[in-house]
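First up is the structure itself, then whatever we jot down about it.
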Amino acid sequence: MNVATSKSYEAKVEAAGGLERRMTIRVPAADIEREIDARLVKVGRTAKLKGFRPGKVPQKVVRQYYGGQVREEVLNDVVRSTYSRAIADQNLNPAGGPRIEPLAADKGEAEHFSYQATFEVYPEISLRPLGDLSIELPTVEIEESDLDAMIERLRAQRVTWRAVERAAAERDRAVVDFVGTIDGEPFQGGEGKDVSIIIGAGQVLPEFDQALRGVAAGGNATAVVNFPADYGAANLAGKTATFAITVRRVEEQLLPELDDAFATSFGLTGGAALLRSEVRKNMERELAERIRAQTKTRTFDALIKTNEVATPRTLVDQEISSLQTDALRQMGTEDPKQAPARERFESLAQRRVAVGLLVQEILKQHKLKLDQTRVDQRVKEMAAPYEKPEEAAQYYRGNRGMMLQIEAAVLEDQVVDFLVEHAIRKTQASSFKDFMGA
């Protein structure tokens, strides 16, 4: 317990468990009364009350009308000023604002105004040697087969369909009507008309998909479907349904040719001749971004594992609120009632706060400074996809809020590079498909 005293206040600090501190502050009542009197005199000089000329209102009347308001203002100012001074005098570093509770005066304490401030402090962090960190870095190569698969995926995005008279097969599209029953009775959501299903694409349950194979336009099929126990619709979970299916059309895929028009449709410059190299460049860029993100994640995982850090509840709650706001923005709404439950973000918020505290300690201990060259490079990278990159870059540089985010991200990257440089490094080889799929 620490006690600080001055001519105008006395503060006593106690640990209340973990990072929480409880500070009791006593201020002489005489000081408060003097300040109230002084302010009432100022109020009296300009007060306008019916029946009195401005500046001629008796102090007794001024106190009667304004005394309560002035007392409240003075007490609020006293709390703010003495709390700030006590925090500085006690060398405390609060992690958030305090919870203030006025204290009732005990016998013999009428000559003091007392209140209690409860708050959390930032933890004291003792970093382990950087050489204790062990980080597994991903290594990935883009093979020609990966490039072939990517081009085929691009072709699939431009697929067209042509009706055929033959029976439906893998990758065909069947346009169907169906009616489903359970124990002979129709059920909600069990009927559909002109429903398009790509066979083998996993759009429907396996039994339904299998029933479509080998059926031509105008044909009928029956599918007995077993809904899984964890099926999304509770009224169907774990039940067996029978579907009567009528196939209206069977269509086959028509993939586009790898010509200039195809390349242009994806914004790839150089036409068909440079299609393969342009696709590879895009894949390399996406791979580099994913490796950078994975390296950061693995580095911070190692940092947290090696260094235990207590996380102030105040900061975790703030981070959860921020994550909820981000979720609402992605949902396209600002209605707080639609925000996901706070519990869903607890572990992520804990991790973010822990990482933030450790990163700040590393920056302080190792005196790392923002690399402006890297900031400029990041701005160029972000502006590159736009039609007019230079205008986009100017927009970023003119938006201070955006630049603060970019600078914070660059500084975080610098910390990651610094940690990787000094850590025990291992490598983990992965295929492009597995790594990007993860």
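Order determines the names: the first chain of the structure tokens is A, the second B, and so forth; residues in each chain are numbered 1 upward, and ligands are numbered 1 upward as they are shown.
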
Long-range neighbours of Thr181 in chain A as a PDB file with N, CA, C and O atoms, in the first residue's frame, 7 Å cut-off, only C-alpha atoms, 6 positions minimum in chain:
```
ATOM      1  N   PHE A 187     -43.076 -31.316 -46.381  1.00  0.00           N
ATOM      2  CA  PHE A 187     -42.500 -30.509 -45.290  1.00  0.00           C
ATOM      3  C   PHE A 187     -42.038 -29.164 -45.840  1.00  0.00           C
ATOM      4  O   PHE A 187     -41.810 -29.007 -47.041  1.00  0.00           O
ATOM      5  N   ALA A 241     -35.835 -38.230 -45.789  1.00  0.00           N
ATOM      6  CA  ALA A 241     -36.849 -37.679 -46.686  1.00  0.00           C
ATOM      7  C   ALA A 241     -36.752 -38.356 -48.049  1.00  0.00           C
ATOM      8  O   ALA A 241     -35.672 -38.777 -48.482  1.00  0.00           O
ATOM      9  N   THR A 242     -37.885 -38.471 -48.719  1.00  0.00           N
ATOM     10  CA  THR A 242     -37.939 -39.017 -50.076  1.00  0.00           C
ATOM     11  C   THR A 242     -38.307 -37.892 -51.034  1.00  0.00           C
ATOM     12  O   THR A 242     -39.303 -37.184 -50.817  1.00  0.00           O
ATOM     13  N   PHE A 243     -37.493 -37.722 -52.077  1.00  0.00           N
ATOM     14  CA  PHE A 243     -37.724 -36.655 -53.048  1.00  0.00           C
ATOM     15  C   PHE A 243     -38.117 -37.255 -54.410  1.00  0.00           C
ATOM     16  O   PHE A 243     -37.406 -38.123 -54.938  1.00  0.00           O
TER      17      PHE A 243
END
```

| query | In range 171-260 of chain A, what's strand (DSSP E or B) per DSSP? Answer as a ChimeraX atom specification? | reply | /A:173-182,185-198,220-226,240-254

Kindly export the residues of the current selection with N, CA and C atoms, as a short mmCIF file (atom, residue, chain, number, x, y, z; two decimals), in the first residue's frame.
```cif
data_model
loop_
_atom_site.label_atom_id
_atom_site.label_comp_id
_atom_site.auth_asym_id
_atom_site.auth_seq_id
_atom_site.Cartn_x
_atom_site.Cartn_y
_atom_site.Cartn_z
N ARG A 173 -25.11 -29.48 -65.58
CA ARG A 173 -26.08 -28.76 -64.76
C ARG A 173 -27.48 -29.30 -65.08
N ALA A 174 -28.15 -29.76 -64.01
CA ALA A 174 -29.50 -30.26 -64.16
C ALA A 174 -30.47 -29.22 -63.61
N VAL A 175 -31.50 -28.90 -64.40
CA VAL A 175 -32.57 -27.99 -63.96
C VAL A 175 -33.76 -28.86 -63.60
N VAL A 176 -34.18 -28.83 -62.32
CA VAL A 176 -35.14 -29.84 -61.84
C VAL A 176 -36.29 -29.19 -61.07
N ASP A 177 -37.41 -29.96 -61.02
CA ASP A 177 -38.48 -29.73 -60.06
C ASP A 177 -38.42 -30.89 -59.06
N PHE A 178 -38.78 -30.65 -57.82
CA PHE A 178 -38.79 -31.75 -56.86
C PHE A 178 -39.81 -31.49 -55.75
N VAL A 179 -40.28 -32.58 -55.20
CA VAL A 179 -41.18 -32.53 -54.04
C VAL A 179 -40.67 -33.54 -53.03
N GLY A 180 -40.46 -33.10 -51.81
CA GLY A 180 -39.95 -33.97 -50.76
C GLY A 180 -41.01 -34.28 -49.73
N THR A 181 -40.97 -35.50 -49.18
CA THR A 181 -41.88 -35.90 -48.11
C THR A 181 -41.12 -36.64 -47.02
N ILE A 182 -41.63 -36.54 -45.81
CA ILE A 182 -41.13 -37.30 -44.67
C ILE A 182 -42.30 -38.08 -44.10
N GLU A 185 -45.54 -37.22 -45.75
CA GLU A 185 -46.09 -35.88 -45.62
C GLU A 185 -45.11 -34.83 -46.15
N PRO A 186 -45.60 -33.86 -46.95
CA PRO A 186 -44.72 -32.77 -47.40
C PRO A 186 -44.20 -31.98 -46.20
N PHE A 187 -43.08 -31.32 -46.38
CA PHE A 187 -42.50 -30.51 -45.29
C PHE A 187 -42.04 -29.16 -45.84
N GLN A 188 -41.93 -28.20 -44.93
CA GLN A 188 -41.56 -26.84 -45.32
C GLN A 188 -40.17 -26.83 -45.95
N GLY A 189 -40.05 -26.19 -47.12
CA GLY A 189 -38.76 -26.11 -47.81
C GLY A 189 -38.44 -27.34 -48.63
N GLY A 190 -39.38 -28.29 -48.71
CA GLY A 190 -39.11 -29.55 -49.42
C GLY A 190 -39.52 -29.56 -50.87
N GLU A 191 -39.97 -28.39 -51.42
CA GLU A 191 -40.42 -28.33 -52.80
C GLU A 191 -39.67 -27.26 -53.55
N GLY A 192 -39.34 -27.52 -54.81
CA GLY A 192 -38.64 -26.54 -55.62
C GLY A 192 -38.98 -26.69 -57.08
N LYS A 193 -38.92 -25.56 -57.83
CA LYS A 193 -39.18 -25.59 -59.27
C LYS A 193 -38.08 -24.82 -59.99
N ASP A 194 -37.66 -25.36 -61.12
CA ASP A 194 -36.60 -24.75 -61.94
C ASP A 194 -35.34 -24.49 -61.11
N VAL A 195 -34.95 -25.47 -60.33
CA VAL A 195 -33.77 -25.35 -59.49
C VAL A 195 -32.56 -25.89 -60.26
N SER A 196 -31.51 -25.07 -60.37
CA SER A 196 -30.29 -25.48 -61.09
C SER A 196 -29.31 -26.12 -60.13
N ILE A 197 -28.82 -27.31 -60.48
CA ILE A 197 -27.87 -28.05 -59.63
C ILE A 197 -26.73 -28.54 -60.50
N ILE A 198 -25.49 -28.14 -60.15
CA ILE A 198 -24.31 -28.64 -60.86
C ILE A 198 -23.93 -29.96 -60.22
N ASN A 220 -37.45 -38.91 -64.76
CA ASN A 220 -37.78 -38.79 -63.34
C ASN A 220 -36.79 -39.60 -62.51
N ALA A 221 -36.64 -39.21 -61.27
CA ALA A 221 -35.74 -39.92 -60.35
C ALA A 221 -36.29 -39.80 -58.94
N THR A 222 -35.87 -40.71 -58.10
CA THR A 222 -36.25 -40.67 -56.68
C THR A 222 -34.99 -40.68 -55.85
N ALA A 223 -34.95 -39.80 -54.88
CA ALA A 223 -33.78 -39.73 -53.98
C ALA A 223 -34.25 -39.89 -52.55
N VAL A 224 -33.65 -40.85 -51.84
CA VAL A 224 -33.91 -41.02 -50.40
C VAL A 224 -32.73 -40.38 -49.68
N VAL A 225 -33.02 -39.29 -49.01
CA VAL A 225 -31.97 -38.45 -48.42
C VAL A 225 -31.99 -38.56 -46.90
N ASN A 226 -30.83 -38.83 -46.33
CA ASN A 226 -30.68 -38.86 -44.87
C ASN A 226 -30.06 -37.54 -44.40
N THR A 240 -35.15 -38.78 -42.41
CA THR A 240 -35.01 -39.31 -43.77
C THR A 240 -36.16 -38.79 -44.62
N ALA A 241 -35.83 -38.23 -45.79
CA ALA A 241 -36.85 -37.68 -46.69
C ALA A 241 -36.75 -38.36 -48.05
N THR A 242 -37.89 -38.47 -48.72
CA THR A 242 -37.94 -39.02 -50.08
C THR A 242 -38.31 -37.89 -51.03
N PHE A 243 -37.49 -37.72 -52.08
CA PHE A 243 -37.72 -36.65 -53.05
C PHE A 243 -38.12 -37.25 -54.41
N ALA A 244 -39.24 -36.80 -54.95
CA ALA A 244 -39.64 -37.13 -56.31
C ALA A 244 -39.12 -36.02 -57.22
N ILE A 245 -38.23 -36.40 -58.16
CA ILE A 245 -37.52 -35.41 -58.97
C ILE A 245 -37.91 -35.53 -60.43
N THR A 246 -38.16 -34.39 -61.07
CA THR A 246 -38.37 -34.34 -62.51
C THR A 246 -37.26 -33.48 -63.11
N VAL A 247 -36.51 -34.05 -64.05
CA VAL A 247 -35.42 -33.32 -64.70
C VAL A 247 -35.97 -32.59 -65.91
N ARG A 248 -35.95 -31.27 -65.88
CA ARG A 248 -36.50 -30.47 -66.98
C ARG A 248 -35.47 -30.27 -68.09
N ARG A 249 -34.21 -29.99 -67.70
CA ARG A 249 -33.15 -29.79 -68.70
C ARG A 249 -31.84 -30.36 -68.16
N VAL A 250 -31.00 -30.78 -69.10
CA VAL A 250 -29.61 -31.13 -68.78
C VAL A 250 -28.72 -30.25 -69.64
N GLU A 251 -27.75 -29.59 -69.02
CA GLU A 251 -26.88 -28.66 -69.73
C GLU A 251 -25.43 -29.02 -69.47
N GLU A 252 -24.61 -28.88 -70.52
CA GLU A 252 -23.19 -29.15 -70.37
C GLU A 252 -22.41 -27.83 -70.32
N GLN A 253 -21.24 -27.90 -69.68
CA GLN A 253 -20.40 -26.70 -69.56
C GLN A 253 -19.69 -26.41 -70.87
N LEU A 254 -19.60 -25.12 -71.19
CA LEU A 254 -18.79 -24.66 -72.31
C LEU A 254 -17.75 -23.70 -71.74
#
```

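Put simply, CA of Asp37 in chain A is 22.5 Å away from CA of Glu10 in chain A.
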
For range 201-309 of chain A against range 118-133 of chain A, with a cut-off of 10 Å and counting only C-alpha atoms, what is the closest atom pair and its distance in Å to one decimal for every residue that makes the cut, ordered by chain and number, as JSON lines?
```
{"residue": "A:Thr299", "atom": "CA", "partner": "A:Leu133", "partner_atom": "CA", "distance": 8.4}
{"residue": "A:Phe300", "atom": "CA", "partner": "A:Leu133", "partner_atom": "CA", "distance": 9.9}
{"residue": "A:Asp301", "atom": "CA", "partner": "A:Leu133", "partner_atom": "CA", "distance": 9.8}
{"residue": "A:Ala302", "atom": "CA", "partner": "A:Leu133", "partner_atom": "CA", "distance": 6.0}
{"residue": "A:Leu303", "atom": "CA", "partner": "A:Leu133", "partner_atom": "CA", "distance": 6.6}
{"residue": "A:Ile304", "atom": "CA", "partner": "A:Leu133", "partner_atom": "CA", "distance": 9.6}
{"residue": "A:Lys305", "atom": "CA", "partner": "A:Leu133", "partner_atom": "CA", "distance": 8.6}
{"residue": "A:Thr306", "atom": "CA", "partner": "A:Leu133", "partner_atom": "CA", "distance": 6.5}
{"residue": "A:Asn307", "atom": "CA", "partner": "A:Leu127", "partner_atom": "CA", "distance": 6.3}
{"residue": "A:Glu308", "atom": "CA", "partner": "A:Ile125", "partner_atom": "CA", "distance": 8.3}
{"residue": "A:Val309", "atom": "CA", "partner": "A:Ile125", "partner_atom": "CA", "distance": 6.6}
```

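Residues within 9 Å of Ala104 in chain A, counting only C-alpha atoms and excluding same-chain residues fewer than 6 positions away, are Phe113, Ser114 and Tyr115 of chain A.
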
With N, CA, C and O atoms retained, could you export that selection as an mmCIF file, in the first residue's frame?
```cif
data_model
loop_
_atom_site.group_PDB
_atom_site.id
_atom_site.type_symbol
_atom_site.label_atom_id
_atom_site.label_comp_id
_atom_site.auth_asym_id
_atom_site.auth_seq_id
_atom_site.Cartn_x
_atom_site.Cartn_y
_atom_site.Cartn_z
ATOM 1 N N PHE A 113 -13.382 15.686 2.179
ATOM 2 C CA PHE A 113 -14.177 15.055 1.135
ATOM 3 C C PHE A 113 -13.355 13.871 0.622
ATOM 4 O O PHE A 113 -12.176 14.023 0.271
ATOM 5 N N SER A 114 -13.955 12.675 0.604
ATOM 6 C CA SER A 114 -13.218 11.469 0.215
ATOM 7 C C SER A 114 -13.920 10.750 -0.927
ATOM 8 O O SER A 114 -15.154 10.732 -1.007
ATOM 9 N N TYR A 115 -13.128 10.164 -1.791
ATOM 10 C CA TYR A 115 -13.687 9.322 -2.846
ATOM 11 C C TYR A 115 -12.709 8.201 -3.166
ATOM 12 O O TYR A 115 -11.522 8.239 -2.789
#
```

| field | Non-local contacts of Leu137 in chain A (7 Å; only C-alpha atoms; under 5 positions in same chain excluded) as a PyMOL selection string | value | chain A and resi 295+425-428

Only N, CA, C and O atoms, please: the residues just picked out, written as a PDB file, in the first residue's frame.
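After the write, selection-v4.pdb holds the following:
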```
ATOM      1  N   THR A 295       3.475 -15.537 -41.449  1.00  0.00           N
ATOM      2  CA  THR A 295       4.701 -15.319 -40.682  1.00  0.00           C
ATOM      3  C   THR A 295       4.410 -14.439 -39.468  1.00  0.00           C
ATOM      4  O   THR A 295       4.901 -14.700 -38.360  1.00  0.00           O
ATOM      5  N   ARG A 425      14.879 -20.234 -36.085  1.00  0.00           N
ATOM      6  CA  ARG A 425      14.020 -20.346 -37.255  1.00  0.00           C
ATOM      7  C   ARG A 425      13.994 -21.780 -37.794  1.00  0.00           C
ATOM      8  O   ARG A 425      15.040 -22.402 -37.960  1.00  0.00           O
ATOM      9  N   LYS A 426      12.792 -22.261 -38.043  1.00  0.00           N
ATOM     10  CA  LYS A 426      12.602 -23.540 -38.707  1.00  0.00           C
ATOM     11  C   LYS A 426      11.737 -23.282 -39.939  1.00  0.00           C
ATOM     12  O   LYS A 426      11.086 -22.241 -40.035  1.00  0.00           O
ATOM     13  N   THR A 427      11.726 -24.215 -40.874  1.00  0.00           N
ATOM     14  CA  THR A 427      10.905 -24.036 -42.073  1.00  0.00           C
ATOM     15  C   THR A 427       9.904 -25.174 -42.199  1.00  0.00           C
ATOM     16  O   THR A 427      10.154 -26.303 -41.766  1.00  0.00           O
ATOM     17  N   GLN A 428       8.761 -24.848 -42.787  1.00  0.00           N
ATOM     18  CA  GLN A 428       7.724 -25.846 -43.041  1.00  0.00           C
ATOM     19  C   GLN A 428       7.296 -25.713 -44.500  1.00  0.00           C
ATOM     20  O   GLN A 428       6.687 -24.719 -44.888  1.00  0.00           O
TER      21      GLN A 428
END
```

| query | Suppose you want the space between CA of Leu92 in chain A and CA of Gly18 in chain A; what is it in Å? | reply | 14.5 Å

| Running DSSP on the backbone, which parts of range 79-297 of chain A land in helix (DSSP H, G or I), as number ranges by chain? | A: 79-89, 130-132, 144-157, 206-212, 260-265, 272-297

| request: Determine, counting only C-alpha atoms, which protein, DNA and RNA residues have an atom within 8 Å of an atom of range 149-156 of chain A; residues of the same chain fewer than 2 positions away are not included. Present the result as number ranges by chain. | output: A: 145-147, 158-159, 255-256, 276, 279

Writer output for current selection, N, CA and C atoms, as an mmCIF file, in the first residue's frame:
```
data_model
loop_
_atom_site.group_PDB
_atom_site.id
_atom_site.type_symbol
_atom_site.label_atom_id
_atom_site.label_comp_id
_atom_site.auth_asym_id
_atom_site.auth_seq_id
_atom_site.Cartn_x
_atom_site.Cartn_y
_atom_site.Cartn_z
ATOM 1 N N SER A 145 1.689 -27.039 -62.295
ATOM 2 C CA SER A 145 0.357 -27.623 -62.093
ATOM 3 C C SER A 145 -0.542 -26.660 -61.320
ATOM 4 N N ASP A 146 0.046 -25.872 -60.410
ATOM 5 C CA ASP A 146 -0.739 -24.864 -59.688
ATOM 6 C C ASP A 146 -1.236 -23.785 -60.653
ATOM 7 N N LEU A 147 -0.360 -23.418 -61.581
ATOM 8 C CA LEU A 147 -0.722 -22.413 -62.572
ATOM 9 C C LEU A 147 -1.834 -22.936 -63.484
ATOM 10 N N ARG A 158 -16.045 -18.105 -66.137
ATOM 11 C CA ARG A 158 -16.639 -17.556 -67.357
ATOM 12 C C ARG A 158 -17.400 -18.637 -68.134
ATOM 13 N N VAL A 159 -17.795 -19.688 -67.450
ATOM 14 C CA VAL A 159 -18.455 -20.816 -68.108
ATOM 15 C C VAL A 159 -19.834 -20.410 -68.624
ATOM 16 N N LEU A 255 -16.512 -24.151 -71.676
ATOM 17 C CA LEU A 255 -15.447 -23.316 -71.139
ATOM 18 C C LEU A 255 -14.904 -22.388 -72.221
ATOM 19 N N PRO A 256 -14.554 -21.150 -71.884
ATOM 20 C CA PRO A 256 -14.061 -20.209 -72.898
ATOM 21 C C PRO A 256 -12.667 -20.577 -73.383
ATOM 22 N N ARG A 276 -0.403 -16.458 -69.214
ATOM 23 C CA ARG A 276 0.184 -17.347 -68.212
ATOM 24 C C ARG A 276 1.112 -16.581 -67.266
ATOM 25 N N VAL A 279 -0.972 -14.312 -64.913
ATOM 26 C CA VAL A 279 -1.618 -15.094 -63.845
ATOM 27 C C VAL A 279 -0.595 -15.485 -62.789
#
```

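Each of A:Ala117, A:Ala88, A:Val415, A:Ile142 was checked against Pro102 in chain A using only C-alpha atoms; the smallest atom-to-atom distance is that of A:Ala117.
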